[in-house]
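Scroll down for the structure; my scribbles are underneath it.
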Amino acid sequence: MQVAIGSDHGGYALKEYLKPYIAEMGHELIDVGCFSEDSVDYPEQARAVTELVSQGNADRGILICGTGIGMSIAANRMPGIRAALCHEIFTAVMSRRHNDANVLCMGGRVTGPGLALEMVKAWFSTDFDGGRHQRRLNMIDPPE
Ligand code: RB5
């Protein structure tokens, strides 16, 4: 998969930790930044990642800020984006099974690297259940 990844300064360390593992899983990464722990404004990275996903230039996105909250609020403004803020494996799995989440948001100041990696592995390896969950998604974003 093509995976767009972005963070602000609060998520930078976790983004850098996860990147080699995601590449090892066989995914192609597009890193939109940030590229240091200097303070940046998370809506910029949220926009960059979600534009790539929304326009079909990435299959999935990962966004990390301090809490994951700002990223998830910003990401869900973009058409076609179903961003899920997850803090443990159960919600990461269910965000795929029931919500067909195409963007995973995490908090770099909330979730440790080991747990975040297990969440990412689970998120990439879990399919959407479809069925009644597709009907519900169609109520949010009616098909054209
Ligand atoms: C930055 O200090 C912090 O506000 C940001 O990373 C994020 O947690 C916002 O939701």
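Quick note on naming: the chains in the structure tokens go A, B, ... in the order shown, residues restart at 1 in each chain, and ligands are numbered from 1 in order of appearance.
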
* To do: From the DSSP assignment of the backbone, select every residue of segment 16-73 of chain A that is helix (DSSP H, G or I), and format the answer as a ChimeraX atom specification.
  => /A:16-24,42-54,69-73

Would you mind exporting C-alpha atoms of the selected residues as a short mmCIF file (atom, residue, chain, number, x, y, z; two decimals), in the first residue's frame?
```cif
data_model
loop_
_atom_site.label_atom_id
_atom_site.label_comp_id
_atom_site.auth_asym_id
_atom_site.auth_seq_id
_atom_site.Cartn_x
_atom_site.Cartn_y
_atom_site.Cartn_z
CA GLU A 16 10.16 8.44 13.07
CA TYR A 17 10.00 5.30 15.22
CA LEU A 18 7.21 3.76 13.15
CA LYS A 19 8.50 4.57 9.66
CA PRO A 20 11.10 1.77 9.25
CA TYR A 21 8.65 -0.82 10.59
CA ILE A 22 5.93 0.30 8.18
CA ALA A 23 8.42 0.11 5.31
CA GLU A 24 9.44 -3.37 6.48
CA TYR A 42 -0.82 20.19 12.89
CA PRO A 43 -3.58 21.24 10.43
CA GLU A 44 -0.90 21.56 7.75
CA GLN A 45 0.25 17.94 8.01
CA ALA A 46 -3.35 16.78 8.42
CA ARG A 47 -4.25 18.53 5.16
CA ALA A 48 -1.24 17.13 3.30
CA VAL A 49 -1.94 13.53 4.32
CA THR A 50 -5.69 13.66 3.81
CA GLU A 51 -5.37 15.32 0.39
CA LEU A 52 -3.17 12.43 -0.73
CA VAL A 53 -5.71 9.88 0.52
CA SER A 54 -8.77 11.79 -0.64
CA ILE A 69 -7.17 14.88 18.81
CA GLY A 70 -6.25 17.87 16.65
CA MET A 71 -5.19 15.60 13.80
CA SER A 72 -8.43 13.63 13.92
CA ILE A 73 -10.60 16.75 14.01
#
```

Do you know which residues are within 8 Å of ligand 1 using only C-alpha atoms and all ligand atoms? Can you write them as a PDB file with C-alpha atoms, in the first residue's frame?
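Full text of result_36.pdb as output:
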```pdb
ATOM      1  CA  ASP A   8       3.462  17.697  14.234  1.00  0.00           C
ATOM      2  CA  HIS A   9       6.274  18.174  16.752  1.00  0.00           C
ATOM      3  CA  GLY A  10       4.260  16.278  19.410  1.00  0.00           C
ATOM      4  CA  GLY A  11       4.116  13.219  17.159  1.00  0.00           C
ATOM      5  CA  SER A  39       6.931  23.569  16.654  1.00  0.00           C
ATOM      6  CA  ASP A  41       0.807  23.637  13.166  1.00  0.00           C
ATOM      7  CA  TYR A  42      -0.817  20.192  12.892  1.00  0.00           C
ATOM      8  CA  ILE A  64       0.267  11.755  14.859  1.00  0.00           C
ATOM      9  CA  CYS A  65       0.166  14.826  17.068  1.00  0.00           C
ATOM     10  CA  GLY A  66       0.544  15.129  20.834  1.00  0.00           C
ATOM     11  CA  THR A  67      -2.858  13.687  21.658  1.00  0.00           C
ATOM     12  CA  GLY A  68      -4.108  12.698  18.199  1.00  0.00           C
ATOM     13  CA  ILE A  69      -7.168  14.879  18.809  1.00  0.00           C
ATOM     14  CA  GLY A  70      -6.247  17.868  16.647  1.00  0.00           C
ATOM     15  CA  MET A  71      -5.191  15.602  13.802  1.00  0.00           C
ATOM     16  CA  GLY A 107      -1.132  10.601  20.209  1.00  0.00           C
ATOM     17  CA  GLY A 108       2.621  10.696  20.433  1.00  0.00           C
ATOM     18  CA  ARG A 109       2.338  11.879  24.041  1.00  0.00           C
TER      19      ARG A 109
END
```

* When distances are computed from only C-alpha atoms, which of A:Ile30, A:Val110, A:Ala74, A:Met119 shows the smallest separation from Thr91 of chain A? -> A:Met119

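Ranking A:Asp129, A:Asp38, A:Asp31, A:Asp141 by their shortest atom-to-atom distance to Arg82 of chain A, with only C-alpha atoms included, puts A:Asp141 first.
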
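Nearest to Gly80 of chain A of all the residues A:Met1, A:Gly6, A:Gly114, A:Pro142 is A:Pro142, based on only C-alpha atoms.
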
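Using only C-alpha atoms, the contacts of Ala122 of chain A at a cut-off of 12 Å, with sequence neighbours closer than 4 positions omitted, comprise Ile22, Met25, Cys86, Glu88, Ile89, Phe90, Thr91, Ala92, Val93, Met94, Ser95, Arg96, Arg97, Leu104, Leu115, Ala116, Leu117, Glu118, Thr126 and Asp127 of chain A.
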
Please write the residues from the selection above to a file, keeping all heavy atoms, as a compact mmCIF listing (two decimals), in the first residue's frame.
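Written output follows (part13.txt):
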```txt
# COMPACT_ATOMS: atom_id res chain seq x y z
N ILE A 22 6.99 0.27 9.20
CA ILE A 22 5.93 0.30 8.18
C ILE A 22 6.53 -0.05 6.81
O ILE A 22 5.94 -0.79 6.03
CB ILE A 22 5.23 1.69 8.16
CG1 ILE A 22 4.50 1.91 9.48
CG2 ILE A 22 4.27 1.80 6.98
CD1 ILE A 22 3.98 3.33 9.70
N MET A 25 7.02 -3.69 6.53
CA MET A 25 5.77 -4.42 6.26
C MET A 25 5.47 -4.44 4.76
O MET A 25 4.49 -5.05 4.33
CB MET A 25 4.59 -3.75 7.00
CG MET A 25 4.61 -3.87 8.51
SD MET A 25 3.27 -2.85 9.25
CE MET A 25 4.04 -2.36 10.79
N CYS A 86 -7.16 6.40 17.78
CA CYS A 86 -7.08 5.14 18.52
C CYS A 86 -5.96 5.20 19.55
O CYS A 86 -4.91 5.79 19.30
CB CYS A 86 -6.84 3.99 17.56
SG CYS A 86 -8.16 3.79 16.33
N GLU A 88 -5.50 2.11 21.58
CA GLU A 88 -5.15 0.72 21.88
C GLU A 88 -5.58 -0.17 20.71
O GLU A 88 -6.19 0.30 19.76
CB GLU A 88 -5.75 0.23 23.22
CG GLU A 88 -6.99 0.91 23.70
CD GLU A 88 -8.14 0.77 22.77
OE1 GLU A 88 -8.32 -0.31 22.18
OE2 GLU A 88 -8.89 1.74 22.62
N ILE A 89 -5.27 -1.46 20.81
CA ILE A 89 -5.42 -2.33 19.66
C ILE A 89 -6.90 -2.57 19.31
O ILE A 89 -7.26 -2.62 18.14
CB ILE A 89 -4.67 -3.66 19.90
CG1 ILE A 89 -3.16 -3.38 19.94
CG2 ILE A 89 -4.97 -4.69 18.81
CD1 ILE A 89 -2.31 -4.51 20.45
N PHE A 90 -7.75 -2.69 20.32
CA PHE A 90 -9.16 -2.99 20.03
C PHE A 90 -9.78 -1.93 19.13
O PHE A 90 -10.43 -2.24 18.13
CB PHE A 90 -9.96 -3.13 21.34
CG PHE A 90 -11.42 -3.41 21.10
CD1 PHE A 90 -11.84 -4.67 20.68
CD2 PHE A 90 -12.37 -2.43 21.28
CE1 PHE A 90 -13.18 -4.94 20.45
CE2 PHE A 90 -13.72 -2.68 21.06
CZ PHE A 90 -14.12 -3.94 20.64
N THR A 91 -9.57 -0.65 19.47
CA THR A 91 -10.19 0.39 18.63
C THR A 91 -9.51 0.48 17.27
O THR A 91 -10.17 0.79 16.27
CB THR A 91 -10.19 1.77 19.33
OG1 THR A 91 -8.89 2.00 19.89
CG2 THR A 91 -11.24 1.84 20.41
N ALA A 92 -8.21 0.19 17.22
CA ALA A 92 -7.53 0.20 15.92
C ALA A 92 -8.13 -0.87 15.00
O ALA A 92 -8.40 -0.63 13.82
CB ALA A 92 -6.03 -0.02 16.10
N VAL A 93 -8.37 -2.06 15.56
CA VAL A 93 -8.97 -3.15 14.78
C VAL A 93 -10.41 -2.79 14.38
O VAL A 93 -10.81 -2.92 13.22
CB VAL A 93 -8.94 -4.47 15.59
CG1 VAL A 93 -9.83 -5.53 14.97
CG2 VAL A 93 -7.50 -4.98 15.69
N MET A 94 -11.19 -2.30 15.35
CA MET A 94 -12.60 -2.01 15.06
C MET A 94 -12.76 -0.84 14.10
O MET A 94 -13.73 -0.77 13.35
CB MET A 94 -13.37 -1.75 16.36
CG MET A 94 -13.44 -2.96 17.28
SD MET A 94 -13.94 -4.48 16.46
CE MET A 94 -15.69 -4.21 16.33
N SER A 95 -11.80 0.07 14.12
CA SER A 95 -11.87 1.20 13.17
C SER A 95 -11.76 0.70 11.73
O SER A 95 -12.28 1.34 10.81
CB SER A 95 -10.77 2.23 13.45
OG SER A 95 -9.51 1.82 12.92
N ARG A 96 -11.12 -0.42 11.52
CA ARG A 96 -11.06 -1.03 10.20
C ARG A 96 -12.32 -1.89 9.98
O ARG A 96 -12.96 -1.76 8.95
CB ARG A 96 -9.81 -1.92 10.07
CG ARG A 96 -8.51 -1.15 10.03
CD ARG A 96 -8.35 -0.38 8.70
NE ARG A 96 -8.65 -1.28 7.62
CZ ARG A 96 -9.48 -0.98 6.61
NH1 ARG A 96 -10.07 0.20 6.54
NH2 ARG A 96 -9.73 -1.87 5.66
N ARG A 97 -12.66 -2.74 10.91
CA ARG A 97 -13.76 -3.69 10.71
C ARG A 97 -15.10 -2.98 10.55
O ARG A 97 -15.90 -3.34 9.69
CB ARG A 97 -13.84 -4.67 11.89
CG ARG A 97 -12.70 -5.69 11.90
CD ARG A 97 -12.95 -6.75 12.93
NE ARG A 97 -14.27 -7.37 12.73
CZ ARG A 97 -14.88 -8.14 13.61
NH1 ARG A 97 -14.30 -8.41 14.77
NH2 ARG A 97 -16.06 -8.65 13.35
N LEU A 104 -5.41 6.61 10.32
CA LEU A 104 -5.22 6.26 11.74
C LEU A 104 -4.55 7.44 12.44
O LEU A 104 -3.48 7.89 12.01
CB LEU A 104 -4.33 5.02 11.85
CG LEU A 104 -3.88 4.60 13.26
CD1 LEU A 104 -5.08 4.21 14.13
CD2 LEU A 104 -2.88 3.45 13.19
N LEU A 115 3.27 -0.20 21.79
CA LEU A 115 1.82 -0.35 21.57
C LEU A 115 1.43 0.24 20.22
O LEU A 115 0.65 -0.36 19.47
CB LEU A 115 1.05 0.34 22.70
CG LEU A 115 -0.47 0.36 22.57
CD1 LEU A 115 -1.05 -1.05 22.41
CD2 LEU A 115 -1.10 1.06 23.78
N ALA A 116 1.99 1.41 19.89
CA ALA A 116 1.65 2.05 18.61
C ALA A 116 2.01 1.13 17.45
O ALA A 116 1.23 1.00 16.49
CB ALA A 116 2.38 3.38 18.47
N LEU A 117 3.13 0.46 17.52
CA LEU A 117 3.53 -0.45 16.45
C LEU A 117 2.55 -1.61 16.32
O LEU A 117 2.15 -1.98 15.21
CB LEU A 117 4.95 -0.96 16.69
CG LEU A 117 5.48 -1.97 15.68
CD1 LEU A 117 5.43 -1.41 14.25
CD2 LEU A 117 6.90 -2.39 16.05
N GLU A 118 2.13 -2.18 17.44
CA GLU A 118 1.15 -3.28 17.39
C GLU A 118 -0.18 -2.79 16.82
O GLU A 118 -0.86 -3.50 16.08
CB GLU A 118 0.96 -3.89 18.78
CG GLU A 118 2.18 -4.63 19.31
CD GLU A 118 2.76 -5.65 18.32
OE1 GLU A 118 1.98 -6.46 17.79
OE2 GLU A 118 3.98 -5.61 18.07
N THR A 126 -6.19 -5.69 9.08
CA THR A 126 -7.62 -5.94 9.34
C THR A 126 -8.47 -5.35 8.21
O THR A 126 -8.31 -4.18 7.86
CB THR A 126 -8.04 -5.31 10.69
OG1 THR A 126 -7.21 -5.83 11.72
CG2 THR A 126 -9.49 -5.62 11.01
N ASP A 127 -9.37 -6.18 7.68
CA ASP A 127 -10.25 -5.72 6.59
C ASP A 127 -11.56 -5.17 7.13
O ASP A 127 -11.97 -5.49 8.24
CB ASP A 127 -10.56 -6.90 5.65
CG ASP A 127 -9.33 -7.35 4.88
OD1 ASP A 127 -8.47 -6.50 4.58
OD2 ASP A 127 -9.23 -8.56 4.58
```

* **Pick from A:Leu29, A:Cys105, A:Asp100, A:Ile81, whichever lies nearest to Arg135 of chain A using only C-alpha atoms** => A:Asp100
